[in-house]
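Engineer: Data: entry_13.cif, mmCIF, C-alpha atoms.
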```
data_model
#
loop_
_atom_site.label_atom_id
_atom_site.label_comp_id
_atom_site.auth_asym_id
_atom_site.auth_seq_id
_atom_site.Cartn_x
_atom_site.Cartn_y
_atom_site.Cartn_z
CA MET A 1 0.00 0.00 0.00
CA VAL A 2 2.08 2.90 -1.17
CA GLU A 3 1.59 6.36 -2.54
CA GLN A 4 4.07 8.48 -4.40
CA ALA A 5 5.00 12.01 -5.32
CA ALA A 6 4.91 12.18 -9.11
CA THR A 7 2.51 14.69 -10.61
CA ALA A 8 3.15 16.69 -13.74
CA GLY A 9 3.13 20.47 -13.61
CA ARG A 10 4.34 20.81 -10.03
CA PRO A 11 7.24 23.05 -8.91
CA GLY A 12 10.74 21.61 -8.73
CA PRO A 13 12.25 19.43 -5.99
CA MET A 14 11.76 20.55 -2.41
CA ALA A 15 14.51 19.72 0.09
CA ILE A 16 13.30 18.45 3.45
CA ASN A 17 15.00 17.29 6.64
CA VAL A 18 14.05 13.62 6.98
CA ARG A 19 14.12 12.02 10.43
CA LYS A 20 12.25 9.53 12.56
CA ALA A 21 8.80 10.60 13.69
CA THR A 22 8.20 11.16 17.39
CA GLN A 23 5.25 9.93 19.42
CA ALA A 24 3.94 13.48 19.77
CA GLU A 25 3.89 13.91 15.98
CA LEU A 26 1.77 10.85 15.23
CA PRO A 27 -1.59 12.69 15.09
CA ARG A 28 -0.23 15.22 12.58
CA LEU A 29 1.47 12.49 10.60
CA THR A 30 -1.75 10.48 10.50
CA ASP A 31 -3.62 13.55 9.21
CA ALA A 32 -1.03 14.04 6.45
CA MET A 33 -1.09 10.36 5.47
CA ALA A 34 -4.90 10.35 5.37
CA ARG A 35 -4.87 13.29 2.96
CA ALA A 36 -2.20 11.58 0.85
CA PHE A 37 -4.20 8.34 0.65
CA ASP A 38 -7.62 9.91 0.07
CA ASP A 39 -7.61 8.76 -3.57
CA ASP A 40 -5.58 5.58 -3.06
CA PRO A 41 -7.19 2.45 -4.59
CA ILE A 42 -6.31 0.11 -1.71
CA ALA A 43 -7.42 2.58 0.96
CA ASN A 44 -10.73 3.10 -0.84
CA TRP A 45 -11.24 -0.64 -1.31
CA PHE A 46 -10.57 -1.25 2.37
CA ALA A 47 -12.72 1.68 3.57
CA ALA A 48 -16.48 1.43 3.19
CA GLN A 49 -17.62 3.97 0.62
CA ASP A 50 -20.32 5.73 2.61
CA ALA A 51 -20.84 9.12 4.25
CA ARG A 52 -18.00 8.30 6.67
CA ARG A 53 -15.48 7.41 3.98
CA SER A 54 -12.99 10.15 4.94
CA GLN A 55 -13.10 9.21 8.62
CA ARG A 56 -12.66 5.55 7.70
CA ILE A 57 -9.55 6.31 5.65
CA HIS A 58 -8.19 8.38 8.53
CA GLU A 59 -8.68 5.39 10.84
CA PHE A 60 -7.02 3.17 8.24
CA MET A 61 -3.93 5.37 8.32
CA ARG A 62 -3.99 5.75 12.11
CA VAL A 63 -3.76 1.99 12.43
CA ALA A 64 -0.94 1.86 9.86
CA VAL A 65 1.03 4.56 11.68
CA GLU A 66 0.35 3.88 15.36
CA LYS A 67 -0.20 0.12 15.45
CA LEU A 68 1.56 -1.52 12.53
CA THR A 69 4.77 0.47 12.08
CA PHE A 70 5.65 3.05 14.76
CA PRO A 71 6.19 0.42 17.50
CA HIS A 72 9.01 -1.03 15.37
CA GLY A 73 10.91 2.28 15.26
CA GLU A 74 11.18 2.92 11.52
CA VAL A 75 8.61 5.62 10.72
CA TYR A 76 10.11 8.63 8.95
CA THR A 77 8.79 12.13 8.37
CA SER A 78 10.14 15.67 8.03
CA ASP A 79 10.27 18.78 10.18
CA GLY A 80 7.16 20.14 8.45
CA ILE A 81 5.35 16.76 8.41
CA GLU A 82 5.12 16.96 4.62
CA GLY A 83 4.56 13.21 4.49
CA GLY A 84 5.75 9.92 5.87
CA ALA A 85 7.42 6.61 5.08
CA LEU A 86 6.10 3.74 7.20
CA TRP A 87 8.49 0.79 7.35
CA ASN A 88 8.47 -2.62 8.97
CA PRO A 89 11.98 -3.95 9.75
CA PRO A 90 12.79 -7.57 8.86
CA GLU A 91 10.54 -10.19 10.47
CA THR A 92 7.98 -7.65 11.76
CA TRP A 93 5.55 -7.28 8.85
CA LYS A 94 3.40 -10.35 9.51
CA MET A 95 0.74 -10.23 12.22
CA GLY A 96 0.26 -13.27 14.40
CA PHE A 97 -3.19 -14.65 15.16
CA LEU A 98 -3.59 -12.77 18.45
CA GLN A 99 -2.48 -9.50 16.86
CA GLN A 100 -4.97 -9.98 14.01
CA LEU A 101 -7.70 -10.68 16.53
CA ALA A 102 -6.86 -7.52 18.45
CA MET A 103 -6.95 -5.49 15.23
CA LEU A 104 -10.39 -6.70 14.10
CA PRO A 105 -12.37 -3.90 15.82
CA ALA A 106 -10.21 -1.24 14.13
CA PHE A 107 -10.47 -3.02 10.77
CA ALA A 108 -14.24 -3.16 11.19
CA ARG A 109 -14.35 0.59 11.84
CA VAL A 110 -12.68 1.05 8.47
CA ALA A 111 -14.34 -1.62 6.36
CA SER A 112 -17.66 -2.10 8.24
CA PHE A 113 -18.54 -5.44 9.82
CA LYS A 114 -20.48 -6.51 6.73
CA ARG A 115 -17.46 -6.16 4.43
CA LEU A 116 -14.83 -7.39 6.89
CA PRO A 117 -14.78 -11.08 5.76
CA THR A 118 -14.25 -10.01 2.13
CA ILE A 119 -11.50 -7.57 3.09
CA MET A 120 -9.69 -10.12 5.25
CA LYS A 121 -9.83 -12.67 2.42
CA GLY A 122 -8.29 -10.16 0.02
CA LEU A 123 -5.57 -9.20 2.48
CA GLY A 124 -4.82 -12.86 3.00
CA ALA A 125 -4.25 -13.31 -0.73
CA VAL A 126 -1.82 -10.37 -0.78
CA GLU A 127 -0.04 -11.73 2.29
CA ARG A 128 0.50 -15.09 0.60
CA GLU A 129 2.51 -13.29 -2.11
CA HIS A 130 4.70 -11.54 0.46
CA PRO A 131 8.35 -12.69 0.26
CA HIS A 132 9.63 -14.79 3.15
CA ALA A 133 13.29 -13.74 2.94
CA PRO A 134 14.23 -11.09 5.55
CA HIS A 135 13.59 -7.57 4.20
CA PHE A 136 12.43 -4.06 5.04
CA TYR A 137 8.76 -3.66 4.08
CA LEU A 138 7.48 -0.26 2.98
CA LEU A 139 3.91 -0.43 4.23
CA ALA A 140 3.04 3.08 3.09
CA LEU A 141 4.63 6.17 1.57
CA GLY A 142 2.56 9.35 1.55
CA VAL A 143 3.11 13.00 0.64
CA GLU A 144 0.73 15.91 1.15
CA PRO A 145 -1.29 16.23 -2.10
CA ASP A 146 -0.20 19.82 -2.84
CA LEU A 147 3.49 18.84 -2.43
CA GLN A 148 3.51 15.70 -4.58
CA GLY A 149 5.88 15.67 -7.52
CA ARG A 150 8.70 17.44 -5.65
CA SER A 151 10.93 14.46 -4.78
CA ILE A 152 9.68 14.35 -1.20
CA GLY A 153 8.76 10.67 -1.46
CA THR A 154 12.28 9.77 -2.60
CA GLN A 155 13.76 11.70 0.32
CA LEU A 156 11.44 10.01 2.81
CA MET A 157 12.54 6.57 1.59
CA ALA A 158 16.24 7.43 1.55
CA PRO A 159 17.27 6.60 5.16
CA ILE A 160 16.04 3.01 5.04
CA LEU A 161 17.20 2.38 1.48
CA ALA A 162 20.66 3.58 2.51
CA LYS A 163 20.52 1.26 5.51
CA CYS A 164 19.51 -1.61 3.21
CA ASP A 165 22.53 -0.94 1.01
CA ARG A 166 24.93 -0.66 3.94
CA GLU A 167 23.71 -3.83 5.61
CA GLY A 168 22.90 -5.90 2.53
CA ILE A 169 19.16 -6.14 3.23
CA PRO A 170 16.47 -6.24 0.50
CA ALA A 171 13.29 -4.12 0.54
CA TYR A 172 9.74 -4.83 -0.63
CA LEU A 173 6.53 -2.92 -1.30
CA GLU A 174 3.14 -3.21 -2.95
CA SER A 175 2.16 -0.28 -5.17
CA SER A 176 -1.53 0.30 -5.74
CA LYS A 177 -1.05 2.93 -8.48
CA GLU A 178 0.63 2.16 -11.78
CA ARG A 179 1.86 5.74 -12.07
CA ASN A 180 3.87 5.22 -8.88
CA VAL A 181 5.88 2.35 -10.30
CA PRO A 182 8.53 4.53 -12.07
CA LEU A 183 9.25 6.33 -8.78
CA TYR A 184 10.09 3.08 -7.08
CA GLU A 185 12.03 1.83 -10.09
CA ARG A 186 14.21 4.95 -9.92
CA ASN A 187 14.96 3.97 -6.34
CA GLY A 188 16.02 0.44 -7.23
CA PHE A 189 12.77 -1.54 -6.96
CA LYS A 190 11.66 -3.94 -9.68
CA VAL A 191 8.18 -5.30 -10.36
CA THR A 192 8.06 -9.01 -9.56
CA LYS A 193 4.33 -9.58 -10.09
CA GLU A 194 1.05 -7.84 -10.90
CA MET A 195 -2.11 -9.08 -9.23
CA VAL A 196 -5.72 -8.07 -8.69
CA VAL A 197 -6.73 -8.18 -5.04
CA PRO A 198 -9.63 -10.63 -4.60
CA GLY A 199 -12.94 -9.33 -3.31
CA GLY A 200 -13.27 -6.40 -5.69
CA GLY A 201 -9.86 -4.96 -4.85
CA PRO A 202 -7.60 -3.04 -7.23
CA LYS A 203 -4.66 -4.16 -9.29
CA ILE A 204 -1.37 -3.89 -7.39
CA TRP A 205 2.30 -4.12 -8.35
CA LEU A 206 4.58 -6.20 -6.11
CA MET A 207 8.09 -4.72 -6.09
CA TRP A 208 11.40 -6.02 -4.71
CA ARG A 209 14.69 -4.20 -4.24
CA ASP A 210 18.03 -5.95 -3.86
CA PRO A 211 20.65 -4.03 -1.84
CA GLN A 212 22.86 -1.86 -4.05
#
```
Would you put the structure from the file into structure tokens?
Structural biologist:
Amino acid sequence: MVEQAATAGRPGPMAINVRKATQAELPRLTDAMARAFDDDPIANWFAAQDARRSQRIHEFMRVAVEKLTFPHGEVYTSDGIEGGALWNPPETWKMGFLQQLAMLPAFARVASFKRLPTIMKGLGAVEREHPHAPHFYLLALGVEPDLQGRSIGTQLMAPILAKCDREGIPAYLESSKERNVPLYERNGFKVTKEMVVPGGGPKIWLMWRDPQ
């Protein structure tokens, strides 16, 4: 589930100071990520498309930030919270049964109880394609909509990609927008598979990056 910064007609690159997010910044970072993912195909498949759609997507991103990635210590943002890169270090991306059970109420708030079985089935299919070799997993990359196309996404990814290269660790992501693929390719990722998420989900691009 990733979102990029590649939109024609925007101003030139914008330099930012990239660093790890702090606990106090998580609400602002969640707000920024929710705005970045407002038009994301996976987020809008997961979130019930009703009058509460925006709130559901915000909850979707809150879970991604606060529950799935921040506890592992590899969530990056900038001084102005222009966006975020949410990473899982090796061996932390997969939820165990008890963790999945604990997450069900939050998932239901996003998807609705009626749609939850379909959503979980689709996520299970994506999970089965997830590589087993140790790697850094980019769960989500988001940039404020009015700042996209200014190389902010590349800068947000840079600390972990540099770490991958130093330590010889691969990286992996799933892109839910075809137009994002060239951004990740410029940063060393290669498409390994295209798939349509079962249960009415979108087409996604599975991408792997060997250390460089």
Engineer: What are the centre and edge lengths in Å, to one decimal, of the axis-aligned box around all listed atoms of range 193-205 of chain A with 6 Å added on each side, as JSON?
Structural biologist:
```
{"center_x": -4.5, "center_y": -6.8, "center_z": -7.1, "size_x": 29.6, "size_y": 19.6, "size_z": 19.6}
```
Engineer: With only C-alpha atoms counted and 9 Å as the cut-off, give the residues of range 79-198 of chain A in contact with range 49-72 of chain A, each with its shortest interatomic distance in Å and the pair that gives it, as a Markdown table.
Structural biologist:
```
| residue | atom | partner | partner_atom | distance |
| --- | --- | --- | --- | --- |
| A:Leu86 | CA | A:Thr69 | CA | 6.0 |
| A:Trp87 | CA | A:Thr69 | CA | 6.0 |
| A:Asn88 | CA | A:Thr69 | CA | 5.7 |
| A:Pro89 | CA | A:His72 | CA | 7.0 |
| A:Thr92 | CA | A:His72 | CA | 7.6 |
| A:Trp93 | CA | A:Leu68 | CA | 7.9 |
| A:Met95 | CA | A:Leu68 | CA | 8.8 |
| A:Met103 | CA | A:Val63 | CA | 8.6 |
| A:Ala106 | CA | A:Val63 | CA | 7.4 |
| A:Phe107 | CA | A:Phe60 | CA | 7.5 |
| A:Arg109 | CA | A:Arg56 | CA | 6.7 |
| A:Val110 | CA | A:Arg56 | CA | 4.6 |
| A:Ala111 | CA | A:Arg56 | CA | 7.5 |
| A:Leu139 | CA | A:Ala64 | CA | 7.8 |
| A:Ala140 | CA | A:Ala64 | CA | 7.9 |
```
Engineer: List every protein, DNA or RNA residue with an atom no more than 10 Å from (16.3, 0.3, 4.6) in the file's coordinates, counting all atoms listed in the file, and format the result as a ChimeraX atom specification.
Structural biologist: /A:74,87-90,135-138,157-172,211
Engineer: So which residues get picked by the PyMOL selection byres ((chain A and resi 150) around 6) here, written as a PyMOL selection string?
Structural biologist: chain A and resi 12-14+148-149+151-152
Engineer: Rounded to one decimal in Å, what is the spacing between CA of Leu206 in chain A and CA of Pro105 in chain A?
Structural biologist: 27.8 Å
Engineer: CA of Lys177 in chain A to CA of Phe189 in chain A: how many Å, to one decimal?
Structural biologist: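 Between CA of Lys177 in chain A and CA of Phe189 in chain A the gap is 14.6 Å.
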